[in-house]
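K.L.:
One structure, as structure tokens, below. Some questions next.
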Amino acid sequence: MISGLVNMAEKKKERKKEAGDGVDQCGTGEWFYSDEVKDHFFNPKNFANDDPDPKEYNAYGEFGSPACGDKMRIWLKIDPNTERIKGFKWKTFGCASAIASTSMASVILTENEGMTLDEALTVKPQHILERLGGLPTRKVHCSVLCDQALKAAIENYRNKA
């Protein structure tokens with residue numbers, strides 16, 4: 001009987017871990033996020049405290065809905081001669097996974113002299129997840145939001161040209 005209760009408790013803990021949102025609700029204080037996710041959440045890269053100057057950032061995209069819990073806005077500084085992303089600022093209304101995903105995307109797209117727009121369009125949510133060291137299953141959609149905001153910003157830039 002006792003072993004059955006222990007097994008039930010272990011299974012419940014595993015289900016909570018699978019569906020968890022950050023910290024284990026069983027009171028252990030165990031984090032479900034990787035160190036990389038925690039770093040990008042607690043120390044976000046390229047975050048915009050204020051909306052960037054539209055003269056400096058020449059592309060804008062957003063995706064999501066505050067009613068659903070996550071909304072992302074991104075601003076890109078694109079070199080018109082090379083179409084490389086030289087700057088990426090963002091604001092995200094959402095959970096730790098949404099914030100970390102946007103922060104990581106800003107790093108991926110601007111590192112090593114910045115990606116071209118065509119290269120940026122090949123970045124998929126899986127690339128963001130890999131660089132973050134994964135996310136809890138129910139939070140994977142947060143990396144998709146960033147992917148969609150990026151596509152909107154690139155479309156915004158190209159429609160101006």
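Identifiers in this document derive from the order of the structure tokens: chains are assigned A, B, ..., residues are numbered from 1 separately in each chain, and ligands are numbered from 1 in order of occurrence.
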As a ChimeraX atom specification, please: every residue in chain A that DSSP puts in helix (DSSP H, G or I).

P.N.:
/A:2-19,35-42,96-110,117-120,125-132,137-139,141-160

K.L.:
Which neighbours of Ile154 of chain A fall inside 8 Å, counting only C-alpha atoms, when residues of the same chain fewer than 3 positions from it are skipped, and could you give them as an MDAnalysis selection string?

P.N.:
chainID A and resid 59:61 117 150:151 157:158

K.L.:
Put those residues in a file: C-alpha atoms, as a tab-separated table (two decimals), in the first residue's frame.

P.N.:
```
chain	number	residue	atom	x	y	z
A	59	ALA	CA	11.85	47.30	-39.18
A	60	TYR	CA	9.11	46.48	-36.70
A	61	GLY	CA	7.15	43.31	-36.02
A	117	LEU	CA	17.45	38.67	-43.78
A	150	LEU	CA	10.67	38.12	-36.67
A	151	LYS	CA	8.87	37.22	-39.90
A	157	TYR	CA	11.17	46.08	-43.81
A	158	ARG	CA	10.76	44.59	-47.26
```

K.L.:
Would you kindly return, as a PyMOL selection string, each protein, DNA or RNA residue with an atom no farther than 9 Å from any atom of Asp35 of chain A, considering only C-alpha atoms and excluding same-chain residues fewer than 4 positions away?

P.N.:
chain A and resi 39-40+132-133

K.L.:
Can I get the selection written as a PDB file, in the first residue's frame, with C-alpha atoms?

P.N.:
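As written to disk, part_28.pdb reads:
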```pdb
ATOM      1  CA  ASP A  39      20.105  33.747 -17.564  1.00  0.00           C
ATOM      2  CA  HIS A  40      18.057  35.183 -20.439  1.00  0.00           C
ATOM      3  CA  LEU A 132      18.203  27.753 -24.594  1.00  0.00           C
ATOM      4  CA  GLY A 133      18.751  24.129 -23.587  1.00  0.00           C
TER       5      GLY A 133
END
```

K.L.:
For atom CA of Ser97 of chain A and atom CA of Lys38 of chain A, quote the distance in Å rounded to one decimal.

P.N.:
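Atom CA of Lys38 of chain A lies 9.0 Å from atom CA of Ser97 of chain A.
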
K.L.:
Counting only C-alpha atoms, what is within 12 Å of segment 107-115 of chain A, bar same-chain residues fewer than 5 positions away, as a ChimeraX atom specification?

P.N.:
/A:40,44-47,76-79,82-90,100-102,120-125,127-132,146-147,150

K.L.:
Write out the residues from the selection above, keeping N, CA and C atoms, as a compact mmCIF listing (two decimals), in the first residue's frame.

P.N.:
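File out-v8.txt, as written:
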```
# COMPACT_ATOMS: atom_id res chain seq x y z
N HIS A 40 18.75 34.28 -19.51
CA HIS A 40 18.06 35.18 -20.44
C HIS A 40 16.80 35.78 -19.82
N PRO A 44 18.01 39.71 -19.42
CA PRO A 44 17.67 39.70 -20.85
C PRO A 44 18.64 40.54 -21.68
N LYS A 45 18.95 40.02 -22.86
CA LYS A 45 19.86 40.70 -23.78
C LYS A 45 19.04 41.54 -24.76
N ASN A 46 19.49 42.76 -25.03
CA ASN A 46 18.91 43.64 -26.05
C ASN A 46 17.47 44.09 -25.76
N PHE A 47 17.08 44.07 -24.52
CA PHE A 47 15.73 44.50 -24.13
C PHE A 47 15.59 46.01 -24.33
N LEU A 76 14.14 45.91 -35.56
CA LEU A 76 15.40 45.51 -36.18
C LEU A 76 16.08 46.71 -36.79
N LYS A 77 17.40 46.74 -36.66
CA LYS A 77 18.23 47.71 -37.36
C LYS A 77 18.91 46.92 -38.47
N ILE A 78 18.51 47.20 -39.70
CA ILE A 78 18.99 46.44 -40.85
C ILE A 78 19.86 47.35 -41.71
N ASP A 79 21.06 46.88 -42.02
CA ASP A 79 21.94 47.62 -42.92
C ASP A 79 21.36 47.49 -44.33
N THR A 82 23.75 45.65 -47.00
CA THR A 82 24.04 44.22 -46.89
C THR A 82 22.83 43.39 -46.46
N GLU A 83 21.76 44.07 -46.03
CA GLU A 83 20.58 43.43 -45.46
C GLU A 83 20.94 42.54 -44.27
N ARG A 84 21.95 42.97 -43.50
CA ARG A 84 22.32 42.28 -42.27
C ARG A 84 21.63 42.95 -41.09
N ILE A 85 21.25 42.11 -40.14
CA ILE A 85 20.61 42.61 -38.92
C ILE A 85 21.71 43.08 -37.98
N LYS A 86 21.79 44.37 -37.78
CA LYS A 86 22.84 44.97 -36.96
C LYS A 86 22.34 45.30 -35.55
N GLY A 87 21.05 45.31 -35.37
CA GLY A 87 20.49 45.57 -34.05
C GLY A 87 19.15 44.90 -33.91
N PHE A 88 18.82 44.51 -32.70
CA PHE A 88 17.56 43.82 -32.42
C PHE A 88 17.15 44.24 -31.01
N LYS A 89 16.09 45.00 -30.92
CA LYS A 89 15.52 45.41 -29.62
C LYS A 89 14.15 44.78 -29.50
N TRP A 90 13.71 44.55 -28.30
CA TRP A 90 12.44 43.88 -28.11
C TRP A 90 11.79 44.22 -26.78
N ALA A 100 12.80 34.75 -22.33
CA ALA A 100 14.07 34.09 -22.65
C ALA A 100 14.18 33.78 -24.14
N SER A 101 13.09 33.36 -24.76
CA SER A 101 13.11 33.04 -26.19
C SER A 101 13.42 34.28 -27.03
N THR A 102 12.80 35.40 -26.68
CA THR A 102 13.05 36.62 -27.44
C THR A 102 14.47 37.10 -27.23
N ALA A 120 18.13 34.93 -41.60
CA ALA A 120 17.23 35.05 -40.44
C ALA A 120 15.94 34.28 -40.67
N LEU A 121 15.46 34.26 -41.89
CA LEU A 121 14.22 33.53 -42.19
C LEU A 121 14.39 32.01 -42.06
N THR A 122 15.62 31.54 -42.01
CA THR A 122 15.84 30.09 -41.82
C THR A 122 15.89 29.72 -40.34
N VAL A 123 15.93 30.70 -39.45
CA VAL A 123 15.94 30.42 -38.01
C VAL A 123 14.55 29.93 -37.62
N LYS A 124 14.51 28.79 -37.02
CA LYS A 124 13.25 28.16 -36.61
C LYS A 124 13.17 28.11 -35.09
N PRO A 125 11.97 27.92 -34.57
CA PRO A 125 11.82 27.81 -33.11
C PRO A 125 12.74 26.75 -32.49
N HIS A 127 15.76 26.08 -33.29
CA HIS A 127 17.09 26.66 -33.08
C HIS A 127 17.13 27.45 -31.77
N ILE A 128 16.08 28.19 -31.51
CA ILE A 128 15.99 28.96 -30.26
C ILE A 128 15.95 28.00 -29.08
N LEU A 129 15.12 26.97 -29.18
CA LEU A 129 15.01 25.97 -28.11
C LEU A 129 16.35 25.30 -27.83
N GLU A 130 17.06 24.94 -28.89
CA GLU A 130 18.36 24.28 -28.72
C GLU A 130 19.34 25.18 -27.98
N ARG A 131 19.40 26.44 -28.37
CA ARG A 131 20.33 27.37 -27.73
C ARG A 131 19.95 27.64 -26.29
N LEU A 132 18.65 27.55 -25.98
CA LEU A 132 18.20 27.75 -24.59
C LEU A 132 18.38 26.50 -23.74
N CYS A 146 8.19 34.23 -31.10
CA CYS A 146 9.33 35.03 -31.52
C CYS A 146 9.60 34.84 -33.00
N ASP A 147 9.51 33.63 -33.47
CA ASP A 147 9.69 33.32 -34.88
C ASP A 147 8.69 34.12 -35.73
N LEU A 150 9.53 37.89 -35.77
CA LEU A 150 10.67 38.12 -36.67
C LEU A 150 10.21 38.17 -38.12
```

K.L.:
Please determine, counting only C-alpha atoms, which residue among A:Pro80, A:Arg73, A:Lys91, A:Gln126 has the shortest atom-to-atom distance to Glu56 of chain A.

P.N.:
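Among the listed residues, the smallest separation from Glu56 of chain A belongs to A:Pro80.
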
K.L.:
Please measure the separation of atom CA of Asn81 of chain A and atom CA of Asp53 of chain A, giving the value in Å to one decimal.

P.N.:
20.1 Å

K.L.:
Step one, run DSSP on the backbone; step two, keep only residues of segment 22-137 of chain A assigned to strand (DSSP E); then write them as a VMD selection string.

P.N.:
chain A and resid 59 to 65 70 to 79 84 to 93

K.L.:
Calculated over only C-alpha atoms, which of the candidates A:Gly134, A:Val140, A:Leu145, A:Ala96 has the smallest distance to Ser34 of chain A?

P.N.:
A:Gly134
